[in-house]
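Raw contents of entry-v5.cif, mmCIF, C-alpha atoms:
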```
data_my_file
loop_
_atom_site.label_atom_id
_atom_site.label_comp_id
_atom_site.auth_asym_id
_atom_site.auth_seq_id
_atom_site.Cartn_x
_atom_site.Cartn_y
_atom_site.Cartn_z
CA MET A 299 0.00 0.00 0.00
CA ALA A 300 1.41 3.40 -1.01
CA PHE A 301 1.08 6.31 1.39
CA ARG A 302 1.20 10.04 0.78
CA GLY A 303 4.12 10.82 3.05
CA LEU A 304 5.88 10.25 6.35
CA HIS A 305 3.38 12.27 8.40
CA ASP A 306 0.28 11.41 6.38
CA ALA A 307 -1.07 7.91 6.93
CA ASP A 308 -3.76 8.22 4.24
CA PRO A 309 -3.17 5.97 1.21
CA LEU A 310 -2.74 7.36 -2.29
CA ASP A 311 -5.84 5.44 -3.34
CA PRO A 312 -8.60 6.55 -0.92
CA SER A 313 -11.05 4.00 -2.33
CA ILE A 314 -9.46 1.25 -0.20
CA LEU A 315 -10.63 3.01 2.97
CA LEU A 316 -14.08 1.81 4.00
CA LEU A 317 -16.71 4.59 4.30
CA GLN A 318 -14.04 7.26 4.01
CA ASP A 319 -16.54 9.87 2.81
CA ARG A 320 -18.38 9.46 6.13
CA HIS A 321 -15.32 8.99 8.31
CA ARG A 322 -14.41 11.56 10.93
CA SER A 323 -10.89 11.95 9.52
CA HIS A 324 -12.29 13.06 6.16
CA LEU A 325 -14.64 15.54 7.80
CA VAL A 326 -11.81 16.96 9.92
CA ASP A 327 -9.34 17.18 7.03
CA THR A 328 -11.90 19.02 4.90
CA LYS A 329 -12.69 21.47 7.75
CA GLN A 330 -16.27 20.22 8.04
CA LEU A 331 -15.91 19.03 11.62
CA GLN A 332 -13.77 20.51 14.40
CA GLU A 333 -15.82 19.76 17.52
CA VAL A 334 -14.44 17.77 20.44
CA LEU A 335 -16.35 14.66 21.45
CA ARG A 336 -17.87 15.25 24.87
CA PRO A 337 -20.38 12.66 26.08
CA ARG A 338 -21.46 12.49 29.68
CA GLN A 339 -19.61 10.35 32.18
CA GLN A 340 -21.40 9.27 35.34
CA MET A 341 -18.64 7.52 37.30
CA ARG A 342 -18.00 10.53 39.53
CA ALA A 343 -21.72 10.92 40.25
CA PHE A 344 -22.00 7.20 40.96
CA LEU A 345 -19.14 7.27 43.47
CA SER A 346 -20.54 10.36 45.19
CA HIS A 347 -24.11 9.20 45.67
CA TRP A 348 -23.54 5.48 46.23
CA ARG A 349 -21.09 4.84 49.06
CA MET A 350 -20.30 1.14 49.18
CA ASP A 351 -21.68 -0.44 52.33
CA PRO A 352 -18.91 -2.53 53.96
CA ARG A 353 -21.33 -5.44 54.19
CA ILE A 354 -21.75 -5.74 50.40
CA ARG A 355 -18.03 -5.42 49.69
CA PRO A 356 -17.37 -9.20 49.97
CA TYR A 357 -20.02 -9.84 47.30
CA VAL A 358 -18.52 -7.28 44.93
CA ILE A 359 -15.08 -8.85 45.42
CA ARG A 360 -16.54 -12.29 44.90
CA ALA A 361 -17.91 -11.18 41.52
CA ARG A 362 -14.49 -9.65 40.64
CA PHE A 363 -15.74 -6.08 40.13
CA TYR A 364 -13.98 -4.58 43.13
CA GLY A 365 -10.98 -3.49 41.06
CA ILE A 366 -13.26 -1.46 38.79
CA TYR A 367 -14.74 0.25 41.83
CA ARG A 368 -11.28 1.05 43.23
CA LEU A 369 -10.23 2.47 39.86
CA GLY A 370 -12.73 5.24 40.57
CA HIS A 371 -13.20 8.39 38.55
CA ILE A 372 -10.38 9.50 36.26
CA MET A 373 -10.73 12.84 34.53
CA ILE A 374 -11.27 12.24 30.82
CA ASP A 375 -9.07 14.11 28.33
CA TRP A 376 -11.68 14.63 25.61
CA PRO A 377 -9.30 16.14 23.02
CA LEU A 378 -7.17 12.99 23.36
CA ILE A 379 -10.20 10.73 22.91
CA THR A 380 -11.27 12.80 19.90
CA CYS A 381 -7.86 12.39 18.26
CA LEU A 382 -7.90 8.65 18.81
CA VAL A 383 -11.41 8.32 17.38
CA LYS A 384 -10.25 10.20 14.27
CA ARG A 385 -7.64 7.49 13.71
CA TRP A 386 -9.95 4.54 14.36
CA ARG A 387 -10.76 2.41 11.29
CA PRO A 388 -14.02 0.41 11.48
CA LYS A 389 -12.87 -2.20 8.95
CA THR A 390 -9.79 -3.33 10.87
CA HIS A 391 -10.75 -2.22 14.41
CA THR A 392 -7.36 -0.53 14.81
CA PHE A 393 -5.95 2.94 15.33
CA HIS A 394 -3.96 4.03 12.26
CA VAL A 395 -0.85 5.92 13.34
CA PRO A 396 2.12 6.79 11.09
CA VAL A 397 4.39 4.00 12.35
CA ARG A 398 1.93 1.12 12.78
CA GLU A 399 -1.59 -0.03 13.47
CA MET A 400 -2.45 -0.34 17.15
CA THR A 401 -5.52 -1.53 19.02
CA ILE A 402 -6.87 -2.38 22.45
CA THR A 403 -6.54 -6.12 23.06
CA LEU A 404 -7.97 -8.64 25.48
CA GLN A 405 -4.67 -8.60 27.33
CA ASP A 406 -5.02 -4.85 27.82
CA ILE A 407 -8.50 -5.40 29.24
CA ALA A 408 -7.26 -8.04 31.69
CA ILE A 409 -4.27 -6.01 32.87
CA ILE A 410 -5.69 -2.47 32.88
CA LEU A 411 -9.18 -3.26 34.20
CA GLY A 412 -8.63 -6.66 35.80
CA LEU A 413 -11.61 -8.25 34.06
CA ARG A 414 -11.79 -11.90 33.09
CA ILE A 415 -11.25 -12.57 29.38
CA ASP A 416 -12.03 -16.30 29.19
CA GLY A 417 -15.05 -18.32 30.19
CA PRO A 418 -18.65 -18.24 28.92
CA ALA A 419 -19.60 -15.29 26.73
CA VAL A 420 -21.71 -12.48 28.17
CA THR A 421 -24.88 -13.02 26.18
CA GLY A 422 -28.61 -13.29 26.63
CA THR A 423 -31.91 -11.89 25.49
CA CYS A 424 -33.02 -8.28 25.44
CA VAL A 425 -36.68 -9.29 25.54
CA LEU A 426 -37.32 -9.34 29.26
CA ASP A 427 -40.21 -9.40 31.68
CA VAL A 428 -38.89 -6.46 33.67
CA ALA A 429 -41.37 -6.73 36.54
CA GLU A 430 -40.70 -10.45 37.08
CA LEU A 431 -36.92 -10.13 36.72
CA CYS A 432 -36.60 -7.17 39.10
CA GLY A 433 -38.99 -8.76 41.57
CA GLU A 434 -36.93 -11.94 41.68
CA LEU A 435 -33.40 -10.48 41.83
CA LEU A 436 -33.93 -6.97 43.23
CA GLU A 437 -37.12 -7.62 45.22
CA VAL A 438 -38.59 -4.36 44.02
CA THR A 439 -40.49 -3.48 40.84
CA PRO A 440 -39.47 -0.25 39.09
CA ALA A 441 -42.07 2.33 38.15
CA ALA A 442 -42.77 3.00 34.49
CA ASP A 443 -40.90 6.32 34.54
CA ALA A 444 -37.75 4.52 35.72
CA LEU A 445 -37.64 2.37 32.59
CA ARG A 446 -36.61 3.03 29.01
CA GLY A 447 -37.48 -0.13 27.16
CA SER A 448 -35.48 -2.86 28.90
CA ALA A 449 -33.09 -0.35 30.49
CA ILE A 450 -33.49 0.91 34.04
CA SER A 451 -32.63 4.28 35.53
CA ILE A 452 -29.32 4.37 37.40
CA GLN A 453 -30.77 6.96 39.77
CA TRP A 454 -33.65 4.62 40.60
CA LEU A 455 -31.21 1.82 41.44
CA CYS A 456 -29.37 4.08 43.84
CA GLN A 457 -32.53 5.30 45.56
CA HIS A 458 -33.86 1.80 46.23
CA LEU A 459 -30.77 -0.38 46.70
CA SER A 460 -27.88 1.73 47.94
CA THR A 461 -28.67 1.50 51.66
CA PRO A 462 -29.35 -1.97 53.09
CA GLY A 463 -31.19 -1.91 56.38
CA PRO A 464 -29.35 -2.44 59.69
CA ASP A 465 -30.92 -5.89 60.00
CA ALA A 466 -30.29 -6.91 56.39
CA ASP A 467 -29.65 -10.61 55.90
CA GLU A 468 -27.57 -12.30 53.20
CA VAL A 469 -30.40 -12.16 50.68
CA ASP A 470 -30.80 -8.42 51.16
CA LEU A 471 -27.04 -7.83 50.87
CA GLU A 472 -26.84 -9.86 47.66
CA ARG A 473 -29.74 -7.83 46.27
CA SER A 474 -27.93 -4.59 47.08
CA ALA A 475 -24.68 -5.96 45.59
CA ARG A 476 -26.49 -6.78 42.35
CA GLY A 477 -27.77 -3.22 42.16
CA PHE A 478 -24.29 -1.85 42.86
CA ILE A 479 -22.66 -3.96 40.13
CA LEU A 480 -25.45 -3.15 37.69
CA GLU A 481 -24.97 0.58 38.25
CA LEU A 482 -21.19 0.14 37.93
CA MET A 483 -21.81 -1.38 34.51
CA GLY A 484 -24.08 1.46 33.42
CA SER A 485 -21.76 4.19 34.73
CA PHE A 486 -18.43 2.75 33.62
CA LEU A 487 -18.21 -0.47 31.61
CA PHE A 488 -21.22 -0.26 29.28
CA ALA A 489 -22.12 3.41 29.52
CA ASP A 490 -24.29 5.02 26.87
CA LYS A 491 -23.91 8.61 25.69
CA LYS A 492 -26.07 9.98 28.51
CA GLY A 493 -25.03 7.50 31.18
CA VAL A 494 -28.39 7.55 32.94
CA HIS A 495 -29.70 4.05 32.15
CA VAL A 496 -28.28 0.53 32.22
CA HIS A 497 -29.72 -2.42 30.31
CA LEU A 498 -31.30 -5.15 32.40
CA CYS A 499 -29.94 -7.87 30.09
CA PHE A 500 -26.96 -8.06 32.49
CA LEU A 501 -29.10 -8.72 35.56
CA PRO A 502 -29.73 -12.47 34.94
CA LEU A 503 -25.95 -12.97 34.89
CA LEU A 504 -25.83 -11.56 38.44
CA ARG A 505 -28.28 -14.13 39.81
CA ASP A 506 -25.49 -16.21 41.39
CA LEU A 507 -22.52 -13.96 42.18
CA THR A 508 -20.24 -16.97 42.62
CA GLN A 509 -20.88 -17.74 38.95
CA THR A 510 -20.78 -14.14 37.77
CA LEU A 511 -16.98 -14.11 37.97
CA THR A 512 -16.75 -16.98 35.44
CA TYR A 513 -18.10 -14.93 32.52
CA SER A 514 -15.85 -13.18 30.02
CA TRP A 515 -16.70 -9.63 31.06
CA GLY A 516 -13.49 -8.37 29.52
CA GLY A 517 -14.51 -9.72 26.13
CA ALA A 518 -17.91 -8.05 26.41
CA VAL A 519 -16.37 -4.68 27.36
CA LEU A 520 -13.91 -4.90 24.46
CA ALA A 521 -16.64 -5.74 21.94
CA HIS A 522 -18.81 -2.90 23.24
CA THR A 523 -15.88 -0.46 23.09
CA TYR A 524 -15.08 -1.50 19.51
CA ARG A 525 -18.67 -0.96 18.44
CA GLU A 526 -18.88 2.47 20.03
CA LEU A 527 -15.55 3.53 18.50
CA CYS A 528 -16.86 2.49 15.08
CA ARG A 529 -20.03 4.50 15.60
CA ALA A 530 -18.17 7.57 16.83
CA SER A 531 -15.74 7.50 13.89
CA LEU A 532 -18.53 7.89 11.33
CA ASP A 533 -20.61 10.92 10.42
CA ARG A 534 -20.97 13.97 12.63
CA ARG A 535 -21.50 12.35 15.98
CA CYS A 536 -20.75 14.75 18.83
CA GLY A 537 -20.63 12.09 21.52
CA ASN A 538 -19.02 8.76 22.28
CA SER A 539 -20.05 6.05 24.69
CA GLY A 540 -18.63 2.80 25.96
CA CYS A 541 -15.75 2.40 28.40
CA ILE A 542 -14.02 5.74 27.69
CA THR A 543 -11.72 5.38 30.69
CA LEU A 544 -10.31 2.19 29.18
CA ILE A 545 -9.39 4.04 25.96
CA GLN A 546 -7.65 6.80 27.89
CA LEU A 547 -5.72 4.46 30.20
CA TRP A 548 -4.67 2.36 27.22
CA SER A 549 -3.38 5.50 25.51
CA TRP A 550 -1.43 6.58 28.61
CA GLU A 551 0.15 3.13 28.83
CA ARG A 552 0.94 2.79 25.11
CA LEU A 553 1.42 6.27 23.63
CA HIS A 554 3.31 9.44 24.49
CA VAL A 555 0.51 11.80 23.47
CA GLY A 556 -1.23 13.53 26.38
CA GLN A 557 0.33 11.30 29.00
CA LEU A 558 0.32 12.67 32.53
CA TYR A 559 3.01 12.08 35.13
CA PHE A 560 3.08 11.20 38.80
CA ARG A 561 3.19 14.45 40.75
CA ARG A 562 4.92 13.40 43.96
CA SER A 563 8.41 12.48 42.79
CA ALA A 564 11.02 13.79 40.39
CA PRO A 565 11.65 13.45 37.53
CA TYR A 566 7.94 12.69 37.22
CA PRO A 567 7.91 9.00 36.33
CA ALA A 568 4.82 6.96 35.56
CA PRO A 569 2.67 6.30 38.66
CA PRO A 570 3.66 3.39 40.90
CA LEU A 571 2.19 -0.03 40.26
CA PRO A 572 -0.86 -0.96 42.35
CA HIS A 573 -0.30 -2.92 45.52
CA ALA A 574 -1.89 -6.29 46.23
CA LEU A 575 -5.07 -7.12 48.08
CA HIS A 576 -4.26 -9.84 50.61
CA ASP A 577 -7.74 -10.99 51.63
CA ASP A 578 -9.17 -11.54 48.16
CA ASP A 579 -10.71 -14.97 48.61
CA VAL A 580 -13.95 -16.18 47.08
CA ASN A 581 -15.15 -17.73 50.31
CA GLY A 582 -14.93 -16.42 53.83
CA VAL A 583 -14.01 -12.84 53.02
CA VAL A 584 -14.07 -10.68 56.13
CA ALA A 585 -15.28 -7.17 55.32
CA GLU A 586 -13.26 -5.55 58.10
CA GLY A 587 -9.99 -6.92 56.69
CA LEU A 588 -10.49 -6.13 53.04
CA ASP A 589 -8.61 -2.84 53.21
CA ASP A 590 -5.47 -4.51 54.59
CA GLY A 591 -2.76 -4.02 52.00
CA LEU A 592 -4.84 -1.64 49.90
CA PRO A 593 -3.43 1.79 49.01
CA VAL A 594 -4.88 4.81 50.71
CA GLU A 595 -7.45 6.47 48.47
CA HIS A 596 -5.73 8.97 46.16
CA GLY A 597 -2.40 8.32 47.87
CA VAL A 598 0.88 6.57 47.24
CA GLN A 599 0.95 2.80 47.53
CA PRO A 600 3.50 1.24 49.89
CA GLU A 601 6.07 -1.13 48.45
CA PRO A 602 5.10 -4.81 48.85
CA GLN A 603 7.18 -6.95 51.19
CA PRO A 604 9.62 -9.10 49.17
CA GLU A 605 8.82 -12.29 51.06
CA VAL A 606 5.07 -11.99 50.48
CA LYS A 607 3.66 -12.84 47.07
CA PRO A 608 -0.10 -12.32 47.33
CA LYS A 609 -2.34 -12.41 44.31
CA PRO A 610 -2.93 -8.82 43.16
CA ALA A 611 -6.57 -7.83 43.01
CA LEU A 612 -6.14 -4.22 41.94
CA PRO A 613 -5.72 -3.83 38.17
CA LEU A 614 -2.94 -1.84 36.58
CA GLY A 615 -5.32 1.05 35.82
CA CYS A 616 -5.52 1.84 39.55
CA ARG A 617 -2.05 3.36 39.44
CA TRP A 618 -3.48 6.34 37.54
CA SER A 619 -5.95 7.10 40.36
CA VAL A 620 -3.37 9.37 42.00
CA PRO A 621 -2.46 13.07 41.72
CA LEU A 622 -1.02 13.64 38.23
CA THR A 623 0.63 16.55 36.48
CA CYS A 624 1.01 17.71 32.88
CA VAL A 625 4.12 19.85 33.57
CA LEU A 626 6.32 17.87 31.18
CA ASN A 627 3.68 17.08 28.60
CA PRO A 628 0.91 19.59 27.76
CA SER A 629 -2.55 18.06 27.79
CA GLY A 630 -6.04 18.94 26.65
CA VAL A 631 -4.97 20.64 23.40
CA LEU A 632 -6.68 19.14 20.35
CA LEU A 633 -4.43 20.61 17.64
CA LEU A 634 -1.28 19.71 19.59
CA TYR A 635 -2.43 16.10 19.92
CA ARG A 636 -3.12 15.87 16.19
CA ASP A 637 0.31 17.26 15.39
CA GLN A 638 2.03 14.86 17.83
CA LEU A 639 0.24 11.86 16.37
CA ASP A 640 1.02 12.98 12.81
CA LYS A 641 4.73 13.14 13.69
CA GLN A 642 4.88 10.03 15.84
CA THR A 643 8.02 7.93 15.57
CA SER A 644 8.54 4.24 16.26
CA ASN A 645 10.15 4.86 19.66
CA GLN A 646 7.10 6.82 20.87
CA SER A 647 4.74 3.85 21.08
CA TYR A 648 5.18 1.29 23.82
CA GLY A 649 4.37 -2.38 23.92
CA SER A 650 4.06 -2.29 27.70
CA ARG A 651 5.34 -0.17 30.59
CA THR A 652 4.59 -2.84 33.15
CA SER A 653 7.41 -4.49 35.04
CA GLU A 654 7.86 -8.23 34.57
CA SER A 655 7.89 -8.77 38.35
CA TRP A 656 4.42 -7.24 38.66
CA LEU A 657 3.03 -9.27 35.75
CA THR A 658 4.45 -12.46 37.30
CA ASN A 659 2.12 -12.04 40.29
CA PHE A 660 -0.82 -10.80 38.28
CA PRO A 661 -3.91 -13.08 38.45
CA ILE A 662 -4.33 -15.28 35.41
CA PHE A 663 -7.49 -14.26 33.57
CA ALA A 664 -6.76 -16.13 30.33
#
```

This structure in structure tokens:
Amino acid sequence: MAFRGLHDADPLDPSILLLQDRHRSHLVDTKQLQEVLRPRQQMRAFLSHWRMDPRIRPYVIRARFYGIYRLGHIMIDWPLITCLVKRWRPKTHTFHVPVREMTITLQDIAIILGLRIDGPAVTGTCVLDVAELCGELLEVTPAADALRGSAISIQWLCQHLSTPGPDADEVDLERSARGFILELMGSFLFADKKGVHVHLCFLPLLRDLTQTLTYSWGGAVLAHTYRELCRASLDRRCGNSGCITLIQLWSWERLHVGQLYFRRSAPYPAPPLPHALHDDDVNGVVAEGLDDGLPVEHGVQPEPQPEVKPKPALPLGCRWSVPLTCVLNPSGVLLLYRDQLDKQTSNQSYGSRTSESWLTNFPIFA
């Protein structure tokens, strides 16, 4: 394939590019589209209005979604996301950069988010008896104004399930944990452009939380992210949905463009790797001991003891949930990002910045 030049990844024959006349890159290059993608993200709102009850924490860990919760809210760099969407090709599901084609892989999902990437596929029907399903698994039937088809309002879930009673038994705590995980999916993993509803097709997979962890949630998140990137790359869409945080963390781990640096040490290296969670056991998890070995929220993680080799439960993405700075690398500038990507060299893309010693102790998801 012949290209136009070193800093222009477009081929000489544009007919080989699928839907190029509708692609965002064509609209940007012809000055028809300059807006920054800016969909709503609800993770911050979710974390502020739904404080995890310590009693449901063992159930969230058992389902292997605790790492997503600890990842928390990371400020999205929308100009960076916009630049990446411009370089996304729907036919190959890759980002076209001058030196290579790159993409988010299942391994990235497992390492950055800590989600399982093998096991049964996340699938099911979208034709649901909402009243029966919610009555069985949530023990409450949503009102008509809380539904949008087979999707349920995230705000409604919080109002009815976020605070288990003081005398709540195991059934009540499991019900609250299902609501918590469901809202985590709607706010983070499978978010739509508005981020106010989550589809109930995921709820049957939360019936038995000991079986929930066996599903390939990482594969489902990757497929959903691919689809939303394809949609955002075509026509004049002003928003993007899906797991936007995953795209940004992948970019920070793999590319030099827009990367932030750890604020608390010179010369501003990448943030430290996440520490391990010692009491991450499927059975017999004690809620009071779950924070042993965990980093302080928004703080610096202590170095693990060399003689202890616990199984890490916090995914790699958690290392970016710390104070960061853009002193050495300007961020949030759309035209600068485009110029940096246009002039990218082979030594400015990284296969992995993760130490081998950390990966050796990382839980095996595949």

On this structure, the PyMOL selection byres ((chain A and resi 431-448) around 12) would catch which residues? List them as a PyMOL selection string, sorted by chain and number. chain A and resi 423-430+449-460+462+469-478+480+494-507

Name the closest residue to Lys641 in chain A among the candidates A:Val395, A:Ala408, A:Met350, A:Val358; distances are taken between atoms, counting all atoms listed in the file.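 Selected residue with least distance to Lys641 in chain A: A:Val395.
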
Counting only C-alpha atoms, which residue out of A:Pro377, A:Gly540, A:Gly615, A:Gly493 sits closest to Phe344 in chain A?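 When distances to Phe344 in chain A are compared using only C-alpha atoms, the smallest one comes from A:Gly493.
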
Point-to-point distance from CA of Gln405 in chain A to CA of Ile359 in chain A, Å rounded to tenths: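 We find that CA of Gln405 in chain A and CA of Ile359 in chain A lie 20.9 Å from each other.
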
If we count all atoms listed in the file, what is near Ala419 in chain A at a cut-off of 9 Å, once residues fewer than 5 positions away on the same chain are taken out, given as an MDAnalysis selection string? chainID A and resid 513:515 517:518

I'd like the contact shell of range 362-369 of chain A - 7 Å cut-off, only C-alpha atoms, skipping same-chain residues fewer than 4 positions apart - returned as a list in words.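 Residues near the query, excluding close chain neighbours: Val358, Leu411, Gly412, Leu511, Ala611, Leu612, Pro613, Gly615, Cys616 and Ser619 of chain A.
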
One-decimal distance in Å that lies between CA of Lys389 in chain A and CA of Ser485 in chain A: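 So the answer is 28.0 Å.
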
Range 379-388 of chain A, all listed atoms, 6 Å padding on each side: what axis-aligned box centre and edge lengths in Å to one decimal come out, as AutoDock Vina command-line options?
```
--center_x -10.8 --center_y 6.6 --center_z 17.1 --size_x 18.4 --size_y 24.4 --size_z 23.6
```

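Among the candidates A:Leu558, A:Leu614, A:Leu532, A:Ile410, the residue lying nearest to Leu544 in chain A is A:Ile410 (atoms considered: all atoms listed in the file).
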
Non-local contacts of Trp376 in chain A (7 Å; only C-alpha atoms; under 2 positions in same chain excluded) as a list in words: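 Those residues are Val334, Leu335, Arg336, Ile374, Leu378, Ile379 and Thr380 of chain A.
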
Would you please work out which residue, of A:Val397, A:Met373, A:Leu547, A:Ile409, is nearest to Gln646 in chain A when using all atoms listed in the file? A:Val397

The PyMOL selection byres ((chain A and resi 402-404) around 8) applied to the shown file, residues as a ChimeraX atom specification: /A:392,400-401,405-408,415,516-517,520,545,548
